[in-house]
$ cat model21.tsv   # TSV, C-alpha atoms
chain	number	residue	atom	x	y	z
A	1	MET	CA	120.65	142.09	101.22
A	2	SER	CA	117.95	141.83	98.58
A	3	ASP	CA	117.62	145.55	97.81
A	4	ASP	CA	119.79	146.24	94.76
A	5	ALA	CA	120.45	149.78	96.02
A	6	THR	CA	122.15	148.49	99.16
A	7	ARG	CA	123.46	145.16	97.91
A	8	PRO	CA	127.26	145.08	98.26
A	9	THR	CA	129.08	144.89	94.95
A	10	LEU	CA	132.33	143.44	93.64
A	11	THR	CA	134.96	145.20	91.55
A	12	LEU	CA	137.62	143.37	89.60
A	13	GLY	CA	140.69	145.57	89.73
A	14	THR	CA	142.95	146.10	86.77
A	15	VAL	CA	145.60	143.44	86.09
A	16	LEU	CA	148.73	144.79	87.77
A	17	PHE	CA	151.11	142.29	86.17
A	18	ASN	CA	152.67	142.03	82.73
A	19	TRP	CA	150.38	139.48	81.09
A	20	PRO	CA	150.54	138.85	77.32
A	21	ALA	CA	147.74	140.15	75.11
A	22	ASP	CA	146.27	136.70	74.40
A	23	ARG	CA	146.06	135.91	78.10
A	24	LEU	CA	144.39	139.23	78.84
A	25	ARG	CA	141.85	138.79	76.07
A	26	ASP	CA	140.94	135.28	77.22
A	27	PHE	CA	140.88	136.33	80.87
A	28	TYR	CA	138.46	139.19	80.33
A	29	ALA	CA	136.27	137.11	78.01
A	30	ARG	CA	135.73	134.64	80.82
A	31	ILE	CA	135.18	137.44	83.33
A	32	ALA	CA	132.55	138.91	81.02
A	33	ASP	CA	130.73	135.61	80.63
A	34	GLU	CA	131.05	134.05	84.08
A	35	ALA	CA	132.26	136.29	86.90
A	36	PRO	CA	129.65	137.73	89.32
A	37	VAL	CA	131.29	141.17	89.48
A	38	GLU	CA	129.58	144.46	88.77
A	39	ARG	CA	132.63	146.51	87.80
A	40	VAL	CA	135.77	145.64	85.87
A	41	CYS	CA	138.86	147.85	85.72
A	42	VAL	CA	141.06	147.60	82.64
A	43	GLY	CA	144.18	149.37	81.46
A	44	GLU	CA	147.75	149.91	82.60
A	45	ALA	CA	148.28	151.25	86.10
A	46	VAL	CA	151.89	150.18	86.76
A	47	CYS	CA	154.21	150.71	83.77
A	48	SER	CA	153.35	152.53	80.55
A	49	LYS	CA	155.98	150.55	78.62
A	50	ARG	CA	153.73	147.48	78.81
A	51	LEU	CA	150.70	149.07	77.15
A	52	PRO	CA	151.79	148.79	73.48
A	53	PHE	CA	151.87	144.99	73.82
A	54	TYR	CA	148.13	144.75	74.41
A	55	ASP	CA	146.77	148.15	73.36
A	56	GLU	CA	145.17	146.67	70.25
A	57	VAL	CA	143.04	144.20	72.19
A	58	LEU	CA	141.74	146.73	74.75
A	59	PRO	CA	138.81	148.01	72.62
A	60	ASP	CA	137.55	144.46	72.11
A	61	ILE	CA	137.96	143.74	75.83
A	62	VAL	CA	135.96	146.83	76.76
A	63	GLU	CA	133.18	146.05	74.30
A	64	ARG	CA	132.95	142.42	75.46
A	65	LEU	CA	132.66	143.51	79.09
A	66	LYS	CA	130.08	146.19	78.33
A	67	ALA	CA	128.02	143.76	76.27
A	68	SER	CA	127.86	141.43	79.27
A	69	GLY	CA	126.43	144.20	81.45
A	70	LYS	CA	129.59	145.03	83.39
A	71	THR	CA	130.49	148.60	84.27
A	72	VAL	CA	133.89	149.22	82.69
A	73	ILE	CA	136.42	151.47	84.41
A	74	LEU	CA	139.60	152.63	82.66
A	75	SER	CA	142.48	152.80	85.14
A	76	SER	CA	145.16	155.47	84.90
A	77	LEU	CA	148.85	155.16	85.77
A	78	MET	CA	149.90	155.38	89.42
A	79	LEU	CA	153.03	157.44	88.75
A	80	PRO	CA	152.98	159.36	85.46
A	81	THR	CA	156.30	161.14	84.95
A	82	LEU	CA	156.74	161.53	81.18
A	83	PRO	CA	154.89	163.75	78.69
A	84	ARG	CA	153.61	160.69	76.82
A	85	GLU	CA	152.25	159.27	80.08
A	86	ARG	CA	150.39	162.48	80.80
A	87	ALA	CA	149.07	162.35	77.26
A	88	MET	CA	147.85	158.80	77.94
A	89	ILE	CA	145.77	160.11	80.85
A	90	ASP	CA	144.36	162.87	78.64
A	91	GLY	CA	143.28	160.18	76.20
A	92	LEU	CA	141.57	158.19	78.94
A	93	VAL	CA	139.67	161.20	80.21
A	94	ALA	CA	138.46	161.95	76.67
A	95	THR	CA	137.04	158.43	76.25
A	96	ASP	CA	133.24	158.40	76.11
A	97	GLY	CA	130.99	155.83	77.71
A	98	VAL	CA	133.27	154.59	80.50
A	99	LEU	CA	134.35	155.76	83.93
A	100	VAL	CA	137.99	156.67	84.44
A	101	GLU	CA	139.76	155.70	87.65
A	102	GLY	CA	142.34	158.19	88.84
A	103	ASN	CA	145.35	156.57	90.50
A	104	ASP	CA	147.50	159.69	90.89
A	105	ILE	CA	146.63	163.18	92.11
A	106	SER	CA	147.71	164.62	88.75
A	107	THR	CA	144.41	163.28	87.39
A	108	PHE	CA	142.26	165.46	89.69
A	109	SER	CA	142.16	168.55	87.48
A	110	LYS	CA	141.52	166.45	84.39
A	111	LEU	CA	138.63	164.48	85.93
A	112	ALA	CA	136.99	167.36	87.80
A	113	GLY	CA	133.40	168.01	86.84
A	114	LYS	CA	132.64	164.58	85.37
A	115	PRO	CA	131.74	161.32	87.11
A	116	HIS	CA	134.84	159.25	87.84
A	117	ALA	CA	136.36	156.75	90.25
A	118	ILE	CA	139.26	157.08	92.66
A	119	GLY	CA	141.63	154.11	92.78
A	120	PRO	CA	143.22	152.52	95.85
A	121	PHE	CA	146.60	154.12	95.09
A	122	ILE	CA	145.42	157.58	96.16
A	123	ASN	CA	145.39	158.15	99.91
A	124	VAL	CA	141.87	158.83	101.17
A	125	TYR	CA	142.15	158.80	104.94
A	126	ASN	CA	139.73	161.44	106.21
A	127	GLU	CA	136.35	163.05	105.63
A	128	GLY	CA	137.85	166.28	104.28
A	129	THR	CA	139.58	164.42	101.46
A	130	LEU	CA	136.45	162.41	100.74
A	131	ALA	CA	134.29	165.55	100.61
A	132	PHE	CA	136.74	167.18	98.19
A	133	LEU	CA	136.73	164.15	95.90
A	134	GLU	CA	132.95	163.92	95.89
A	135	LYS	CA	132.72	167.63	95.05
A	136	GLN	CA	135.07	166.98	92.13
A	137	GLY	CA	132.74	164.26	90.81
A	138	ALA	CA	133.98	161.00	92.35
A	139	VAL	CA	131.20	158.41	92.47
A	140	HIS	CA	133.36	155.49	93.61
A	141	VAL	CA	136.29	155.64	96.02
A	142	ALA	CA	138.56	152.66	96.59
A	143	LEU	CA	140.22	153.04	99.98
A	144	PRO	CA	143.92	152.28	100.54
A	145	PRO	CA	144.62	148.61	101.34
A	146	GLU	CA	146.32	149.51	104.63
A	147	MET	CA	143.25	151.27	106.05
A	148	PRO	CA	141.90	149.64	109.25
A	149	LEU	CA	138.25	148.87	109.83
A	150	THR	CA	137.97	151.52	112.55
A	151	ALA	CA	139.03	154.24	110.11
A	152	MET	CA	136.68	152.92	107.42
A	153	ALA	CA	133.79	152.94	109.90
A	154	ALA	CA	134.58	156.54	110.86
A	155	LEU	CA	134.75	157.62	107.22
A	156	ALA	CA	131.71	155.78	105.85
A	157	PRO	CA	129.00	158.06	107.37
A	158	HIS	CA	130.56	161.01	105.53
A	159	ALA	CA	130.18	159.40	102.08
A	160	LYS	CA	127.31	161.31	100.48
A	161	THR	CA	127.47	160.41	96.79
A	162	ALA	CA	130.39	157.96	96.48
A	163	THR	CA	130.47	154.24	97.18
A	164	LEU	CA	133.40	153.22	99.39
A	165	GLU	CA	135.39	150.15	98.44
A	166	ALA	CA	137.83	147.96	100.37
A	167	TRP	CA	140.75	145.96	98.95
A	168	ALA	CA	139.50	142.44	99.62
A	169	PHE	CA	141.65	139.99	97.66
A	170	GLY	CA	145.12	139.81	96.17
A	171	ARG	CA	148.63	140.92	96.95
A	172	ALA	CA	148.46	144.36	98.51
A	173	PRO	CA	150.16	147.22	96.64
A	174	LEU	CA	152.68	148.77	99.02
A	175	ALA	CA	154.81	151.16	96.96
A	176	ILE	CA	155.51	152.49	93.48
A	177	SER	CA	158.87	153.78	92.29
A	178	ALA	CA	160.50	155.43	89.29
A	179	ARG	CA	163.08	152.61	89.44
A	180	CYS	CA	162.43	149.12	88.12
A	181	TYR	CA	163.33	146.45	90.64
A	182	HIS	CA	162.59	143.67	88.18
A	183	ALA	CA	165.13	145.04	85.73
A	184	ARG	CA	167.77	145.48	88.41
A	185	ILE	CA	167.33	141.92	89.68
A	186	HIS	CA	167.97	140.65	86.14
A	187	GLY	CA	171.00	142.89	85.63
A	188	VAL	CA	169.46	145.17	83.02
A	189	SER	CA	168.53	148.85	83.08
A	190	LYS	CA	165.01	150.21	83.20
A	191	ASP	CA	165.36	151.72	79.70
A	192	SER	CA	166.42	148.37	78.24
A	193	CYS	CA	164.51	146.13	80.64
A	194	GLN	CA	163.61	143.51	78.00
A	195	PHE	CA	160.25	143.34	79.83
A	196	VAL	CA	161.60	140.73	82.23
A	197	CYS	CA	158.57	141.27	84.47
A	198	ASN	CA	156.61	139.08	82.04
A	199	GLN	CA	158.37	136.08	83.59
A	200	ASP	CA	156.47	136.51	86.87
A	201	LEU	CA	152.75	136.59	86.20
A	202	ASP	CA	151.87	137.04	89.89
A	203	GLY	CA	154.95	139.05	90.81
A	204	LEU	CA	158.45	137.94	91.78
A	205	PRO	CA	158.67	136.74	95.43
A	206	VAL	CA	161.43	138.36	97.49
A	207	ASP	CA	162.80	136.66	100.61
A	208	THR	CA	164.74	138.12	103.53
A	209	LEU	CA	168.40	137.23	104.02
A	210	GLU	CA	167.16	134.51	106.38
A	211	GLY	CA	165.08	132.99	103.58
A	212	ARG	CA	161.69	134.10	104.88
A	213	PRO	CA	158.96	135.32	102.49
A	214	PHE	CA	158.89	139.11	102.56
A	215	LEU	CA	157.58	140.98	99.52
A	216	ALA	CA	156.84	140.60	95.83
A	217	VAL	CA	158.23	142.72	92.99
A	218	ASN	CA	156.22	143.72	89.94
A	219	GLY	CA	158.34	145.95	87.74
A	220	VAL	CA	158.38	149.35	89.44
A	221	GLN	CA	155.84	148.20	92.02
A	222	THR	CA	156.29	146.57	95.42
A	223	LEU	CA	153.55	144.22	96.64
A	224	SER	CA	152.98	142.14	99.73
A	225	ASP	CA	154.08	138.52	99.65
A	226	ALA	CA	150.87	137.41	101.36
A	227	TYR	CA	147.55	137.63	99.58
A	228	VAL	CA	144.99	139.85	101.25
A	229	ASN	CA	141.83	137.84	101.85
A	230	LEU	CA	138.93	139.58	103.59
A	231	ILE	CA	136.26	137.00	102.81
A	232	GLY	CA	135.91	136.32	106.53
A	233	ASP	CA	135.59	140.05	107.27
A	234	LEU	CA	132.94	140.91	104.68
A	235	ARG	CA	129.96	141.05	107.02
A	236	GLY	CA	131.73	143.33	109.47
A	237	LEU	CA	132.81	145.64	106.67
A	238	CYS	CA	129.31	145.78	105.17
A	239	ALA	CA	127.84	146.56	108.58
A	240	ARG	CA	130.16	149.57	108.84
A	241	GLY	CA	129.27	151.12	105.52
A	242	ILE	CA	131.61	149.59	102.96
A	243	GLY	CA	129.59	149.04	99.81
A	244	SER	CA	132.07	147.41	97.43
A	245	PHE	CA	135.00	145.02	97.52
A	246	ARG	CA	137.96	144.88	95.15
A	247	LEU	CA	139.41	141.62	93.87
A	248	SER	CA	142.87	142.01	92.34
A	249	PRO	CA	143.49	139.61	89.42
A	250	HIS	CA	146.04	136.83	89.76
A	251	THR	CA	146.63	133.67	87.73
A	252	CYS	CA	144.34	131.58	89.94
A	253	ASP	CA	140.71	131.01	88.93
A	254	MET	CA	139.36	134.52	89.45
A	255	VAL	CA	135.84	133.49	88.48
A	256	ALA	CA	135.86	131.02	91.37
A	257	VAL	CA	137.31	133.69	93.67
A	258	ALA	CA	134.56	136.12	92.71
A	259	GLN	CA	131.89	133.46	93.16
A	260	ALA	CA	133.13	132.64	96.66
A	261	PHE	CA	132.98	136.31	97.65
A	262	ARG	CA	129.57	136.71	96.05
A	263	ASP	CA	128.20	133.67	97.89
A	264	VAL	CA	129.42	134.96	101.26
A	265	LEU	CA	128.02	138.43	100.59
A	266	ASP	CA	124.66	136.95	99.60
A	267	GLY	CA	124.52	134.57	102.57
A	268	ALA	CA	124.65	131.50	100.34
A	269	CYS	CA	127.91	130.43	101.99
A	270	ASP	CA	129.27	131.05	105.48
A	271	PRO	CA	132.62	132.86	105.83
A	272	ALA	CA	134.46	129.76	107.04
A	273	GLU	CA	133.44	127.83	103.95
A	274	GLY	CA	134.37	130.84	101.81
A	275	GLU	CA	137.85	130.83	103.32
A	276	ARG	CA	138.22	127.11	102.58
A	277	ARG	CA	137.21	127.68	98.97
A	278	ILE	CA	139.76	130.48	98.51
A	279	ALA	CA	142.51	128.43	100.18
A	280	ALA	CA	141.83	125.52	97.81
A	281	LEU	CA	142.32	127.84	94.81
A	282	LEU	CA	145.76	128.99	96.05
A	283	PRO	CA	147.24	126.08	98.02
A	284	GLN	CA	150.76	127.59	98.07
A	285	ALA	CA	149.72	131.10	99.09
A	286	ARG	CA	149.83	132.78	102.47
A	287	PHE	CA	146.77	134.85	103.35
A	288	ALA	CA	146.58	137.96	105.48
A	289	ASN	CA	144.06	140.45	106.81
A	290	GLY	CA	146.17	142.28	109.38
A	291	PHE	CA	145.67	145.78	107.95
A	292	VAL	CA	141.90	145.76	108.34
A	293	HIS	CA	142.31	144.77	112.00
A	294	GLY	CA	144.87	147.48	112.72
A	295	LYS	CA	147.71	144.96	112.88
A	296	PRO	CA	150.81	144.41	110.71
A	297	GLY	CA	149.56	143.69	107.21
A	298	HIS	CA	151.22	140.28	106.90
A	299	GLN	CA	149.30	138.83	109.86
A	300	ARG	CA	146.30	136.58	109.62
A	301	ILE	CA	143.67	137.46	112.24
A	302	ALA	CA	140.96	134.88	112.91
A	303	VAL	CA	137.47	136.34	112.70
A	304	ALA	CA	135.03	135.17	115.36
A	305	ALA	CA	132.00	133.32	114.03
A	306	GLU	CA	128.82	135.38	114.08
$ encode --input "model21.tsv" --output "structure tokens"
Amino acid sequence: MSDDATRPTLTLGTVLFNWPADRLRDFYARIADEAPVERVCVGEAVCSKRLPFYDEVLPDIVERLKASGKTVILSSLMLPTLPRERAMIDGLVATDGVLVEGNDISTFSKLAGKPHAIGPFINVYNEGTLAFLEKQGAVHVALPPEMPLTAMAALAPHAKTATLEAWAFGRAPLAISARCYHARIHGVSKDSCQFVCNQDLDGLPVDTLEGRPFLAVNGVQTLSDAYVNLIGDLRGLCARGIGSFRLSPHTCDMVAVAQAFRDVLDGACDPAEGERRIAALLPQARFANGFVHGKPGHQRIAVAAE
């Protein structure tokens, strides 16, 4: 697609894991300079206790991204429960010059009346919900990772002012809890967790009792063990009205991931070659696209060549 108005775009989701400030600063500097993504989400969506460790570098990250021409989106928490967490969201909404991404329904009243984004952690399953969100001011709606292609295709014609986005790469977020699994695994409480989640920069793999890969733990969040990879499904998704694709950051080369997706979207690379490129970047990972095909999420469904 050569028309910029209809050209599919890429969004880099916020880092879900507990990365140190120096790593975050260097990561986003490279994204700003090299990654072919139009939007970049920053901020803390999982656990508010992590934010003080990198809060000081966030303004520089935002300015660097904006200077490179990226649209910056500030992501809110998925499960705000404390007064200070609600105050954090108030602060985000009051920030000028950037879009805010709501990841919990408590943000609706705060964001109403101003342009904003809806994150993939809010369930948008039908046209009534989509119409309500657009009326509130949503200009970008990231659909839940478990949504099948048939449901996306049914929803897309009803999008009047918002771009619809699919979760296209990275461990799928499955659940969020008030309890911290990471802390419990290490024998400490949530209140004195010692930030043990910083030991697992892509999440902590969890096996079944039989030793089979099952899930991944990220603090209070549960993720899939397999990495979602829809690079082979991009053309089908675009044909059914999906205008943007979200890449969730992991410790692999995310610039190379973004470039592979961009090349497939632009027709510079066929999907099979794109899949080979992604596999080479994560040789130990399992990939899955079951959700988009209406199958169990951990399955890998081969996509017929066009």
$ atom_distance --input "model21.tsv" --atom1 "atom CA of Thr161 of chain A" --atom2 "atom CA of Tyr125 of chain A"
16.9 Å
$ residues_around --input "model21.tsv" --residues "segment 26-36 of chain A" --least-positions-apart "6" --cutoff "7 Å" --atoms "all atoms listed in the file" --output "list in words"
Ile61, Arg64, Leu65, Ser68, Val255, Ala258, Gln259 and Arg262 of chain A
$ atom_distance --input "model21.tsv" --atom1 "atom CA of Pro80 of chain A" --atom2 "atom CA of Gly119 of chain A"
14.5 Å
$ residues_around --input "model21.tsv" --residues "Arg300 of chain A" --least-positions-apart "5" --cutoff "9 Å" --atoms "all atoms listed in the file" --output "mmCIF file with C-alpha atoms, in the coordinates of the input"
data_model
loop_
_atom_site.group_PDB
_atom_site.id
_atom_site.type_symbol
_atom_site.label_atom_id
_atom_site.label_comp_id
_atom_site.auth_asym_id
_atom_site.auth_seq_id
_atom_site.Cartn_x
_atom_site.Cartn_y
_atom_site.Cartn_z
ATOM 1 C CA ARG A 286 149.830 132.780 102.470
ATOM 2 C CA PHE A 287 146.770 134.850 103.350
ATOM 3 C CA ALA A 288 146.580 137.960 105.480
ATOM 4 C CA ASN A 289 144.060 140.450 106.810
ATOM 5 C CA GLY A 290 146.170 142.280 109.380
#
$ residues_near_point --input "model21.tsv" --point "(138.3, 139.8, 101.5)" --cutoff "9 Å" --atoms "only C-alpha atoms" --output "PyMOL selection string"
chain A and resi 166-170+228-234+245-247+261+289
$ write_last_selection --input "model21.tsv" --atoms "C-alpha atoms" --output "JSON list (two decimals), keeping the file's coordinate frame"
[["chain", "number", "residue", "atom", "x", "y", "z"],
["A", 166, "ALA", "CA", 137.83, 147.96, 100.37],
["A", 167, "TRP", "CA", 140.75, 145.96, 98.95],
["A", 168, "ALA", "CA", 139.50, 142.44, 99.62],
["A", 169, "PHE", "CA", 141.65, 139.99, 97.66],
["A", 170, "GLY", "CA", 145.12, 139.81, 96.17],
["A", 228, "VAL", "CA", 144.99, 139.85, 101.25],
["A", 229, "ASN", "CA", 141.83, 137.84, 101.85],
["A", 230, "LEU", "CA", 138.93, 139.58, 103.59],
["A", 231, "ILE", "CA", 136.26, 137.00, 102.81],
["A", 232, "GLY", "CA", 135.91, 136.32, 106.53],
["A", 233, "ASP", "CA", 135.59, 140.05, 107.27],
["A", 234, "LEU", "CA", 132.94, 140.91, 104.68],
["A", 245, "PHE", "CA", 135.00, 145.02, 97.52],
["A", 246, "ARG", "CA", 137.96, 144.88, 95.15],
["A", 247, "LEU", "CA", 139.41, 141.62, 93.87],
["A", 261, "PHE", "CA", 132.98, 136.31, 97.65],
["A", 289, "ASN", "CA", 144.06, 140.45, 106.81]]
$ atom_distance --input "model21.tsv" --atom1 "atom CA of Asn18 of chain A" --atom2 "atom CA of Leu201 of chain A"
6.5 Å
$ residues_around --input "model21.tsv" --residues "Cys238 of chain A" --least-positions-apart "6" --cutoff "12 Å" --atoms "all atoms listed in the file" --output "PDB file with C-alpha atoms, in the frame of the given file"
ATOM      1  CA  MET A   1     120.650 142.090 101.220  1.00  0.00           C
ATOM      2  CA  THR A   6     122.150 148.490  99.160  1.00  0.00           C
ATOM      3  CA  ARG A   7     123.460 145.160  97.910  1.00  0.00           C
ATOM      4  CA  PRO A   8     127.260 145.080  98.260  1.00  0.00           C
ATOM      5  CA  THR A   9     129.080 144.890  94.950  1.00  0.00           C
ATOM      6  CA  LEU A 149     138.250 148.870 109.830  1.00  0.00           C
ATOM      7  CA  MET A 152     136.680 152.920 107.420  1.00  0.00           C
ATOM      8  CA  ALA A 153     133.790 152.940 109.900  1.00  0.00           C
ATOM      9  CA  ALA A 156     131.710 155.780 105.850  1.00  0.00           C
ATOM     10  CA  THR A 163     130.470 154.240  97.180  1.00  0.00           C
ATOM     11  CA  LEU A 164     133.400 153.220  99.390  1.00  0.00           C
ATOM     12  CA  GLU A 165     135.390 150.150  98.440  1.00  0.00           C
ATOM     13  CA  ALA A 166     137.830 147.960 100.370  1.00  0.00           C
ATOM     14  CA  LEU A 230     138.930 139.580 103.590  1.00  0.00           C
ATOM     15  CA  ILE A 231     136.260 137.000 102.810  1.00  0.00           C
ATOM     16  CA  GLY A 232     135.910 136.320 106.530  1.00  0.00           C
ATOM     17  CA  SER A 244     132.070 147.410  97.430  1.00  0.00           C
ATOM     18  CA  PHE A 245     135.000 145.020  97.520  1.00  0.00           C
ATOM     19  CA  VAL A 264     129.420 134.960 101.260  1.00  0.00           C
ATOM     20  CA  LEU A 265     128.020 138.430 100.590  1.00  0.00           C
ATOM     21  CA  ASP A 266     124.660 136.950  99.600  1.00  0.00           C
TER      22      ASP A 266
END
$ closest_residue --input "model21.tsv" --among "A:Asp225, A:Glu146, A:Gly294, A:Thr251" --to "Leu24 of chain A" --atoms "all atoms listed in the file"
A:Thr251
$ residues_around --input "model21.tsv" --residues "segment 174-190 of chain A" --least-positions-apart "2" --cutoff "8 Å" --atoms "only C-alpha atoms" --output "VMD selection string"
chain A and resid 46 78 to 79 172 192 to 197 204 217 to 224
$ residues_around --input "model21.tsv" --residues "His250 of chain A" --least-positions-apart "4" --cutoff "9 Å" --atoms "all atoms listed in the file" --output "PyMOL selection string"
chain A and resi 15-17+170-171+201-202+254
